[in-house]
Structures are given as structure tokens and as C-alpha cells.
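Asker: Have a peek at my_file.pdb (PDB, C-alpha atoms).
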```pdb
ATOM      1  CA  ILE F 771     -22.837  12.831  63.381
ATOM      2  CA  ALA F 772     -20.304  13.863  66.052
ATOM      3  CA  GLU F 773     -22.885  16.137  67.678
ATOM      4  CA  GLU F 774     -25.400  13.319  67.947
ATOM      5  CA  ALA F 775     -22.883  10.935  69.624
ATOM      6  CA  ARG F 776     -21.951  13.261  72.452
ATOM      7  CA  PRO F 777     -25.173  13.050  74.520
ATOM      8  CA  ILE F 778     -25.104   9.269  74.367
ATOM      9  CA  GLN F 779     -21.566   9.203  75.826
ATOM     10  CA  ARG F 780     -22.582  11.506  78.705
ATOM     11  CA  GLU F 781     -25.538   9.267  79.528
ATOM     12  CA  ALA F 782     -23.271   6.189  79.652
ATOM     13  CA  GLU F 783     -20.860   7.981  81.989
ATOM     14  CA  LYS F 784     -23.750   8.994  84.262
ATOM     15  CA  ALA F 785     -25.035   5.375  84.366
ATOM     16  CA  ALA F 786     -21.595   3.997  85.271
ATOM     17  CA  ALA F 787     -21.173   6.327  88.234
ATOM     18  CA  PRO F 788     -24.035   4.898  90.384
ATOM     19  CA  SER F 789     -22.862   1.341  89.581
ATOM     20  CA  GLU F 790     -19.362   2.049  90.903
ATOM     21  CA  PHE F 791     -20.798   3.788  93.958
ATOM     22  CA  LEU F 792     -23.044   0.790  94.679
ATOM     23  CA  ARG F 793     -20.113  -1.634  94.510
ATOM     24  CA  PHE F 794     -18.217   0.615  96.913
ATOM     25  CA  ILE F 795     -21.083   0.610  99.420
ATOM     26  CA  VAL F 796     -21.474  -3.195  99.202
ATOM     27  CA  GLY F 797     -17.729  -3.671  99.745
ATOM     28  CA  ILE F 798     -17.772  -1.439 102.833
ATOM     29  CA  ALA F 799     -20.771  -3.371 104.203
ATOM     30  CA  LEU F 800     -19.045  -6.759 103.749
ATOM     31  CA  VAL F 801     -15.855  -5.534 105.404
ATOM     32  CA  GLY F 802     -17.893  -4.185 108.299
ATOM     33  CA  LEU F 803     -19.774  -7.491 108.683
ATOM     34  CA  LEU F 804     -16.554  -9.519 108.708
ATOM     35  CA  ALA F 805     -14.958  -7.165 111.232
ATOM     36  CA  PHE F 806     -18.026  -7.443 113.469
ATOM     37  CA  MET F 807     -17.937 -11.266 113.353
ATOM     38  CA  LEU F 808     -14.207 -11.393 114.098
ATOM     39  CA  PHE F 809     -14.280  -9.036 117.078
ATOM     40  CA  SER F 810     -17.647 -10.082 118.533
ATOM     41  CA  GLY F 811     -17.015 -13.847 118.305
ATOM     42  CA  ILE F 812     -20.385 -14.394 116.666
ATOM     43  CA  GLN F 813     -20.621 -17.061 113.946
ATOM     44  CA  LEU F 814     -23.440 -17.054 111.434
ATOM     45  CA  GLY F 815     -22.998 -20.799 110.921
ATOM     46  CA  SER F 816     -20.812 -23.691 112.007
ATOM     47  CA  LEU F 817     -17.410 -23.789 110.364
ATOM     48  CA  PRO F 818     -16.437 -27.035 108.583
ATOM     49  CA  GLY F 819     -14.061 -29.243 110.549
ATOM     50  CA  LEU F 820     -10.762 -30.358 109.137
ATOM     51  CA  TYR F 821     -11.517 -33.981 110.132
ATOM     52  CA  SER F 822     -14.802 -35.812 110.488
ATOM     53  CA  PRO F 823     -16.094 -36.693 114.002
ATOM     54  CA  ASP F 824     -15.492 -40.399 113.289
ATOM     55  CA  THR F 825     -11.857 -39.723 112.400
ATOM     56  CA  VAL F 826     -11.345 -37.683 115.568
ATOM     57  CA  ALA F 827     -12.965 -40.404 117.697
ATOM     58  CA  PHE F 828     -10.745 -43.082 116.138
ATOM     59  CA  PHE F 829      -7.632 -40.980 116.727
ATOM     60  CA  ASN F 830      -8.578 -40.430 120.371
ATOM     61  CA  THR F 831      -9.189 -44.154 120.875
ATOM     62  CA  VAL F 832      -5.770 -45.024 119.451
ATOM     63  CA  GLN F 833      -4.186 -42.486 121.788
ATOM     64  CA  GLN F 834      -5.927 -44.094 124.752
ATOM     65  CA  PHE F 835      -4.508 -47.483 123.777
ATOM     66  CA  THR F 836      -0.993 -46.099 123.403
ATOM     67  CA  GLN F 837      -1.180 -44.630 126.897
ATOM     68  CA  LEU F 838      -1.931 -47.983 128.531
ATOM     69  CA  GLN F 839       1.198 -49.312 130.241
ATOM     70  CA  ASN F 840       1.954 -51.991 132.845
ATOM     71  CA  PRO F 841       0.280 -53.903 131.323
ATOM     72  CA  PRO F 842       0.123 -52.499 127.798
ATOM     73  CA  ALA F 843      -3.009 -52.610 125.700
ATOM     74  CA  ARG F 844      -3.926 -56.041 124.364
ATOM     75  CA  LEU F 845      -5.983 -55.758 121.174
ATOM     76  CA  LEU F 846      -7.800 -58.169 118.890
ATOM     77  CA  VAL F 847      -7.002 -57.213 115.287
ATOM     78  CA  ALA F 848      -9.347 -58.543 112.594
ATOM     79  CA  VAL F 849      -7.810 -58.398 109.113
ATOM     80  CA  ASP F 850     -10.971 -58.986 107.101
ATOM     81  CA  TYR F 851     -10.281 -57.513 103.673
ATOM     82  CA  GLU F 852      -9.516 -59.082 100.333
ATOM     83  CA  PRO F 853      -6.042 -58.855  98.726
ATOM     84  CA  ALA F 854      -7.376 -56.670  95.901
ATOM     85  CA  LEU F 855      -8.085 -53.878  98.395
ATOM     86  CA  ALA F 856      -4.996 -54.310 100.549
ATOM     87  CA  GLY F 857      -3.304 -51.191  99.224
ATOM     88  CA  GLU F 858      -6.070 -48.789 100.235
ATOM     89  CA  LEU F 859      -6.819 -50.285 103.655
ATOM     90  CA  GLU F 860      -3.200 -50.817 104.645
ATOM     91  CA  THR F 861      -2.383 -47.203 103.858
ATOM     92  CA  VAL F 862      -5.008 -46.155 106.405
ATOM     93  CA  ALA F 863      -4.162 -48.805 109.021
ATOM     94  CA  ARG F 864      -0.367 -48.621 108.973
ATOM     95  CA  THR F 865       0.053 -45.436 111.026
ATOM     96  CA  PRO F 866      -2.242 -46.314 113.975
ATOM     97  CA  LEU F 867      -0.756 -49.817 114.117
ATOM     98  CA  ARG F 868       2.739 -48.349 114.177
ATOM     99  CA  GLN F 869       1.797 -46.000 116.999
ATOM    100  CA  MET F 870       0.390 -48.842 119.071
ATOM    101  CA  LEU F 871       3.344 -51.147 118.420
ATOM    102  CA  GLU F 872       5.744 -48.353 119.311
ATOM    103  CA  ALA F 873       3.889 -47.907 122.605
ATOM    104  CA  GLY F 874       4.290 -51.623 123.369
ATOM    105  CA  SER F 875       0.714 -52.693 122.618
ATOM    106  CA  GLN F 876       0.102 -56.399 122.048
ATOM    107  CA  LEU F 877      -1.805 -57.410 118.922
ATOM    108  CA  ILE F 878      -3.696 -60.670 118.449
ATOM    109  CA  VAL F 879      -4.407 -61.080 114.734
ATOM    110  CA  LEU F 880      -7.055 -63.253 113.115
ATOM    111  CA  SER F 881      -9.306 -63.206 110.078
ATOM    112  CA  THR F 882     -12.561 -64.548 108.679
ATOM    113  CA  VAL F 883     -11.008 -64.233 105.195
ATOM    114  CA  PRO F 884      -8.663 -67.040 104.055
ATOM    115  CA  ALA F 885      -6.022 -64.592 102.838
ATOM    116  CA  GLY F 886      -6.320 -62.436 105.948
ATOM    117  CA  PRO F 887      -3.627 -64.036 108.149
ATOM    118  CA  ALA F 888      -0.907 -63.533 105.531
ATOM    119  CA  LEU F 889      -2.092 -59.986 104.874
ATOM    120  CA  GLY F 890      -2.015 -59.292 108.601
ATOM    121  CA  GLU F 891       1.551 -60.522 108.961
ATOM    122  CA  GLN F 892       2.717 -58.312 106.116
ATOM    123  CA  LEU F 893       0.793 -55.306 107.410
ATOM    124  CA  ILE F 894       2.301 -55.542 110.881
ATOM    125  CA  ALA F 895       5.777 -56.116 109.475
ATOM    126  CA  ASP F 896       5.417 -52.937 107.432
ATOM    127  CA  ALA F 897       3.986 -50.971 110.360
ATOM    128  CA  ALA F 898       6.805 -52.087 112.683
ATOM    129  CA  ALA F 899       9.623 -51.454 110.220
ATOM    130  CA  ASP F 900      12.533 -49.591 111.843
ATOM    131  CA  LEU F 901      10.918 -49.563 115.297
ATOM    132  CA  PRO F 902      13.884 -50.241 117.597
ATOM    133  CA  ALA F 903      11.799 -51.329 120.600
ATOM    134  CA  PHE F 904       9.458 -53.634 118.686
ATOM    135  CA  GLN F 905       9.621 -57.294 119.767
ATOM    136  CA  ALA F 906       7.566 -59.484 117.474
ATOM    137  CA  ASP F 907       7.573 -62.535 119.770
ATOM    138  CA  LEU F 908       6.304 -60.485 122.715
ATOM    139  CA  GLN F 909       3.872 -58.202 120.925
ATOM    140  CA  VAL F 910       2.163 -60.118 118.106
ATOM    141  CA  LEU F 911       0.326 -63.412 117.760
ATOM    142  CA  ASN F 912      -1.378 -64.603 114.593
ATOM    143  CA  LEU F 913      -4.365 -66.865 115.251
ATOM    144  CA  GLY F 914      -4.824 -67.427 111.533
ATOM    145  CA  TYR F 915      -8.075 -68.080 109.702
ATOM    146  CA  LEU F 916     -11.214 -68.402 111.787
ATOM    147  CA  VAL F 917     -12.784 -71.642 110.581
ATOM    148  CA  GLY F 918     -16.352 -70.996 109.506
ATOM    149  CA  GLY F 919     -15.663 -67.388 108.620
ATOM    150  CA  SER F 920     -18.088 -64.769 109.897
ATOM    151  CA  THR F 921     -20.619 -67.451 110.913
ATOM    152  CA  SER F 922     -18.356 -68.461 113.800
ATOM    153  CA  LEU F 923     -17.981 -64.978 115.295
ATOM    154  CA  ALA F 924     -20.495 -65.680 118.065
ATOM    155  CA  ASN F 925     -18.363 -68.643 119.153
ATOM    156  CA  LEU F 926     -15.269 -66.457 119.034
ATOM    157  CA  ALA F 927     -16.911 -63.862 121.252
ATOM    158  CA  ALA F 928     -17.939 -66.425 123.869
ATOM    159  CA  GLN F 929     -15.049 -68.904 123.705
ATOM    160  CA  PRO F 930     -12.103 -67.627 121.689
ATOM    161  CA  SER F 931      -9.901 -70.532 122.749
ATOM    162  CA  VAL F 932     -12.378 -72.943 121.137
ATOM    163  CA  ALA F 933     -13.012 -70.881 118.009
ATOM    164  CA  ALA F 934      -9.303 -70.261 117.314
ATOM    165  CA  PRO F 935      -7.307 -72.935 119.177
ATOM    166  CA  ALA F 936      -4.049 -72.690 117.197
ATOM    167  CA  LEU F 937      -1.677 -70.129 115.762
ATOM    168  CA  ASN F 938      -1.415 -69.591 112.031
ATOM    169  CA  SER F 939       1.690 -71.773 112.164
ATOM    170  CA  GLY F 940      -0.349 -74.644 113.627
ATOM    171  CA  ALA F 941       1.183 -74.483 117.111
ATOM    172  CA  PRO F 942      -1.121 -74.410 120.170
ATOM    173  CA  ALA F 943      -2.091 -70.818 120.871
ATOM    174  CA  TRP F 944      -3.518 -70.624 124.353
ATOM    175  CA  ASP F 945      -0.368 -71.547 126.217
ATOM    176  CA  MET F 946       1.267 -68.385 124.907
ATOM    177  CA  PRO F 947       1.877 -65.578 127.439
ATOM    178  CA  LEU F 948       0.029 -63.015 125.318
ATOM    179  CA  LEU F 949      -3.217 -64.963 125.697
ATOM    180  CA  GLN F 950      -3.067 -65.672 129.405
ATOM    181  CA  GLY F 951      -6.209 -64.517 131.180
ATOM    182  CA  ILE F 952      -8.303 -64.278 128.006
ATOM    183  CA  GLN F 953     -11.610 -66.054 128.517
ATOM    184  CA  SER F 954     -13.767 -64.047 126.095
ATOM    185  CA  VAL F 955     -13.371 -61.059 123.813
ATOM    186  CA  ALA F 956     -14.364 -58.851 126.754
ATOM    187  CA  ASP F 957     -10.909 -59.512 128.192
ATOM    188  CA  PHE F 958      -9.257 -57.656 125.320
ATOM    189  CA  ASP F 959      -8.769 -53.922 125.701
ATOM    190  CA  GLY F 960     -10.231 -53.329 122.254
ATOM    191  CA  LEU F 961     -10.978 -54.593 118.773
ATOM    192  CA  LEU F 962      -9.525 -53.162 115.585
ATOM    193  CA  LEU F 963     -11.546 -54.295 112.564
ATOM    194  CA  MET F 964     -10.244 -53.692 109.040
ATOM    195  CA  THR F 965     -12.722 -54.541 106.291
ATOM    196  CA  GLU F 966     -14.230 -53.134 103.104
ATOM    197  CA  ASN F 967     -17.298 -55.358 103.347
ATOM    198  CA  ALA F 968     -20.426 -53.952 104.979
ATOM    199  CA  GLU F 969     -21.831 -57.421 105.684
ATOM    200  CA  THR F 970     -18.622 -58.470 107.434
ATOM    201  CA  ALA F 971     -18.655 -55.310 109.531
ATOM    202  CA  ARG F 972     -22.289 -55.927 110.453
ATOM    203  CA  ALA F 973     -21.493 -59.489 111.544
ATOM    204  CA  TRP F 974     -18.738 -58.267 113.876
ATOM    205  CA  ILE F 975     -21.015 -55.567 115.294
ATOM    206  CA  GLU F 976     -23.945 -57.902 115.873
ATOM    207  CA  GLN F 977     -22.088 -60.957 117.170
ATOM    208  CA  VAL F 978     -18.963 -59.617 118.845
ATOM    209  CA  GLN F 979     -19.592 -56.021 119.893
ATOM    210  CA  PRO F 980     -22.217 -56.876 122.564
ATOM    211  CA  ARG F 981     -19.647 -59.003 124.400
ATOM    212  CA  LEU F 982     -16.878 -56.420 124.302
ATOM    213  CA  GLY F 983     -15.994 -54.736 127.567
ATOM    214  CA  SER F 984     -16.746 -51.079 128.130
TER     215      SER F 984
END
```
Would you mind writing the file's structure down as C-alpha cells?

Answerer:
Amino acid sequence: IAEEARPIQREAEKAAAPSEFLRFIVGIALVGLLAFMLFSGIQLGSLPGLYSPDTVAFFNTVQQFTQLQNPPARLLVAVDYEPALAGELETVARTPLRQMLEAGSQLIVLSTVPAGPALGEQLIADAAADLPAFQADLQVLNLGYLVGGSTSLANLAAQPSVAAPALNSGAPAWDMPLLQGIQSVADFDGLLLMTENAETARAWIEQVQPRLGS
């Protein structure tokens, strides 16, 4: 029995040798390919980006607003999300709002959602927490709920003083220094829209975006 087992063992050892040699050759080839790509600068395909193009574009836009001084950027901020989704959206919005407030930007808040004005006040208060240079009276106005909701956005774009004549507190809005010189939404430096609703976003794009300045 022992004599019969010996040839089988030798055959297995002979079969394993080419397999190990093949793995060695493949390993050398892969190392050579990687070294060639590193030193030649050639890429076989595009590498995945850490952030999406939309995220990069948004970041760059925020940086442009923060660089505006004398006068600072004056932005229309639409808080158009429901309270149930406040946690997710506010987590995303808090940092860019803080950066703009820290740079002295002026934010004009309104909403086509009834709960939006209160959510906006809380969001900005959180974003501005511990900012020593932040001056609420000089940097933030809350125009409250836009009567008519998204159906009145065209009126807001053309005549904001008619569409939103008063502050959320009920006081007249358009005598305030932050709104001087605003005749249409084109007079704002930009619009920051926060919403989870595709239909709401589409309404802003269709009715307001065409009137925005370049």
C-alpha cells in the first residue's frame, strides 16, 4: 500500500509547482503595471472623487458669498421643509449658514411652508451660536410665511415688497435697512433654498430662478 501511494504524492507536488510559479509571474506583472502607472502618470480610468461635483459647486458658491464685503452678500433664504425633516436638513445647512454669518452676510428669511419661519429662526440661532461678531438686528430679517405658498412665487420674484410686505413679527418690512434697494429677487446676491420636496424645488426653479441675477 505504501508503494502505491508514493507516485501519487510526487504527482501532486509536481502539479503544485507550476501553480505557485504562475502566481509569482502574475504578482510581478501587477507590480510592474502599478509602477508604470505611477511613474508615467497614465490612468486607465478616472479616479472617484471624494465629493460630488454638485457638492464642490455649492462649496465654491458659499465661498464666493463669504468673500463679498463692503457691502456684504445679501441672500434670500427659503426655509421650505417640514418640521419632521428638520434634523436632516439643518445638519447640512448649519455649517454654510454659519460661514456666511461669520463673514457678515445678510440673510432674508421666508417660507412657503407655515412652519418655515419658526424653523428658520431656530436654524439661524443655532448656526450663529458663539459667533462674537454676529449681529442679529443687522444681519437677519424674517419675512415670515409667504401667503399663497408656492403659488405666489412668481409675485415674489417680480414684486417682493408686495408678496411679503411684513416681517414675521407683523411689523412693516420694507423700511428696514437690510431691504433698501431691493426691487426684485434679482437684487439679491443669491438664493439659498432648503427643501425636501421636489415639487417645491421645481416651483422655485421655474418661477424665481429666471428672474435671479447672474

Asker: Near stretch 951-963 of chain F, counting all atoms listed in the file, which residues have an atom at most 6 Å away, once you skip same-chain residues fewer than 5 positions from it, shown as a VMD selection string?

Answerer: chain F and resid 843 to 848 927 to 930 981 to 983

Asker: Would you put the residues from that selection into a file with C-alpha atoms, as an mmCIF file, in the frame of the given file?

Answerer:
```cif
data_model
loop_
_atom_site.group_PDB
_atom_site.id
_atom_site.type_symbol
_atom_site.label_atom_id
_atom_site.label_comp_id
_atom_site.auth_asym_id
_atom_site.auth_seq_id
_atom_site.Cartn_x
_atom_site.Cartn_y
_atom_site.Cartn_z
ATOM 1 C CA ALA F 843 -3.009 -52.610 125.700
ATOM 2 C CA ARG F 844 -3.926 -56.041 124.364
ATOM 3 C CA LEU F 845 -5.983 -55.758 121.174
ATOM 4 C CA LEU F 846 -7.800 -58.169 118.890
ATOM 5 C CA VAL F 847 -7.002 -57.213 115.287
ATOM 6 C CA ALA F 848 -9.347 -58.543 112.594
ATOM 7 C CA ALA F 927 -16.911 -63.862 121.252
ATOM 8 C CA ALA F 928 -17.939 -66.425 123.869
ATOM 9 C CA GLN F 929 -15.049 -68.904 123.705
ATOM 10 C CA PRO F 930 -12.103 -67.627 121.689
ATOM 11 C CA ARG F 981 -19.647 -59.003 124.400
ATOM 12 C CA LEU F 982 -16.878 -56.420 124.302
ATOM 13 C CA GLY F 983 -15.994 -54.736 127.567
#
```

Asker: For atom CA of F:Glu872 and atom CA of F:Gln834, quote the distance in Å rounded to one decimal.

Answerer: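 Distance reported for this atom pair: 13.6 Å.
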
Asker: From the options F:Leu923, F:Ile878, F:Val932, F:Ala941, which residue's atoms come nearest to F:Gln979, counting all atoms listed in the file?

Answerer: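 Of all the options, F:Leu923 lies closest to F:Gln979.
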
Asker: Which residues of stretch 865-892 of chain F come within 12 Å of stretch 822-831 of chain F, and for each one, what is the closest pair of atoms and their distance in Å to one decimal, counting all atoms listed in the file, sorted by chain and residue number, as a tab-separated table?

Answerer:
```
residue	atom	partner	partner_atom	distance
F:Thr865	CA	F:Phe829	CA	10.6
F:Pro866	CA	F:Phe829	CA	8.1
F:Leu867	CA	F:Phe829	CA	11.5
F:Gln869	CA	F:Phe829	CA	10.7
F:Met870	CA	F:Thr831	CA	10.8
```

Asker: Include C-alpha atoms and write out the residues we just selected as a PDB file, keeping the file's coordinate frame.

Answerer:
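Below you can see result_3.pdb, which holds the result:
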```pdb
ATOM      1  CA  THR F 865       0.053 -45.436 111.026  1.00  0.00           C
ATOM      2  CA  PRO F 866      -2.242 -46.314 113.975  1.00  0.00           C
ATOM      3  CA  LEU F 867      -0.756 -49.817 114.117  1.00  0.00           C
ATOM      4  CA  GLN F 869       1.797 -46.000 116.999  1.00  0.00           C
ATOM      5  CA  MET F 870       0.390 -48.842 119.071  1.00  0.00           C
TER       6      MET F 870
END
```

Asker: Compare F:Pro935, F:Gly874, F:Pro884, F:Gly919 by their minimum atom-to-atom distance to F:Trp974, counting only C-alpha atoms, and give me the closest one.

Answerer: F:Gly919

Asker: Once the PyMOL selection byres ((chain F and resi 903) around 10) is applied to the coordinates I shared, what remains selected? I want it as a VMD selection string.

Answerer: chain F and resid 871 to 874 898 900 to 902 904 to 906

Asker: Show me as a PyMOL selection string the residues that reach within 12 Å of (0.6, -74.3, 117.0), counting all atoms listed in the file and using the file's own coordinates.

Answerer: chain F and resi 911-914+934-946

Asker: Which is closest to F:Ser920 among F:Leu880, F:Ala897, F:Ala973, F:Val832, if we use only C-alpha atoms?

Answerer: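 Closest to F:Ser920 of all the choices is F:Ala973.
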
Asker: Check which residues satisfy the PyMOL selection byres ((chain F and resi 887) around 9) in the file shown, then give them as a ChimeraX atom specification.

Answerer: /F:849-850,879-886,888-892,912-915,938

Asker: Could you jot down the atom CA of F:Tyr851 to atom CA of F:Asn967 separation for me, Å, one decimal place?

Answerer: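 If I compute the distance from atom CA of F:Tyr851 to atom CA of F:Asn967, I get 7.3 Å.
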
Asker: My list of candidates is F:Gln909, F:Leu820, F:Asn840, F:Glu966. Which is closest to F:Gly857 when distances are computed with all atoms listed in the file?

Answerer: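 The answer is F:Glu966, which sits nearest to F:Gly857.
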
Asker: Atom CA of F:Ala968 to atom CA of F:Leu859: how many Å, to one decimal?

Answerer: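 Between atom CA of F:Ala968 and atom CA of F:Leu859 the gap is 14.2 Å.
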
Asker: Restricting the calculation to all atoms listed in the file: of F:Leu893, F:Tyr821, F:Pro842, F:Thr921, which residue gets closest to F:Glu858?

Answerer: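 That would be F:Leu893, the residue with the smallest distance to F:Glu858.
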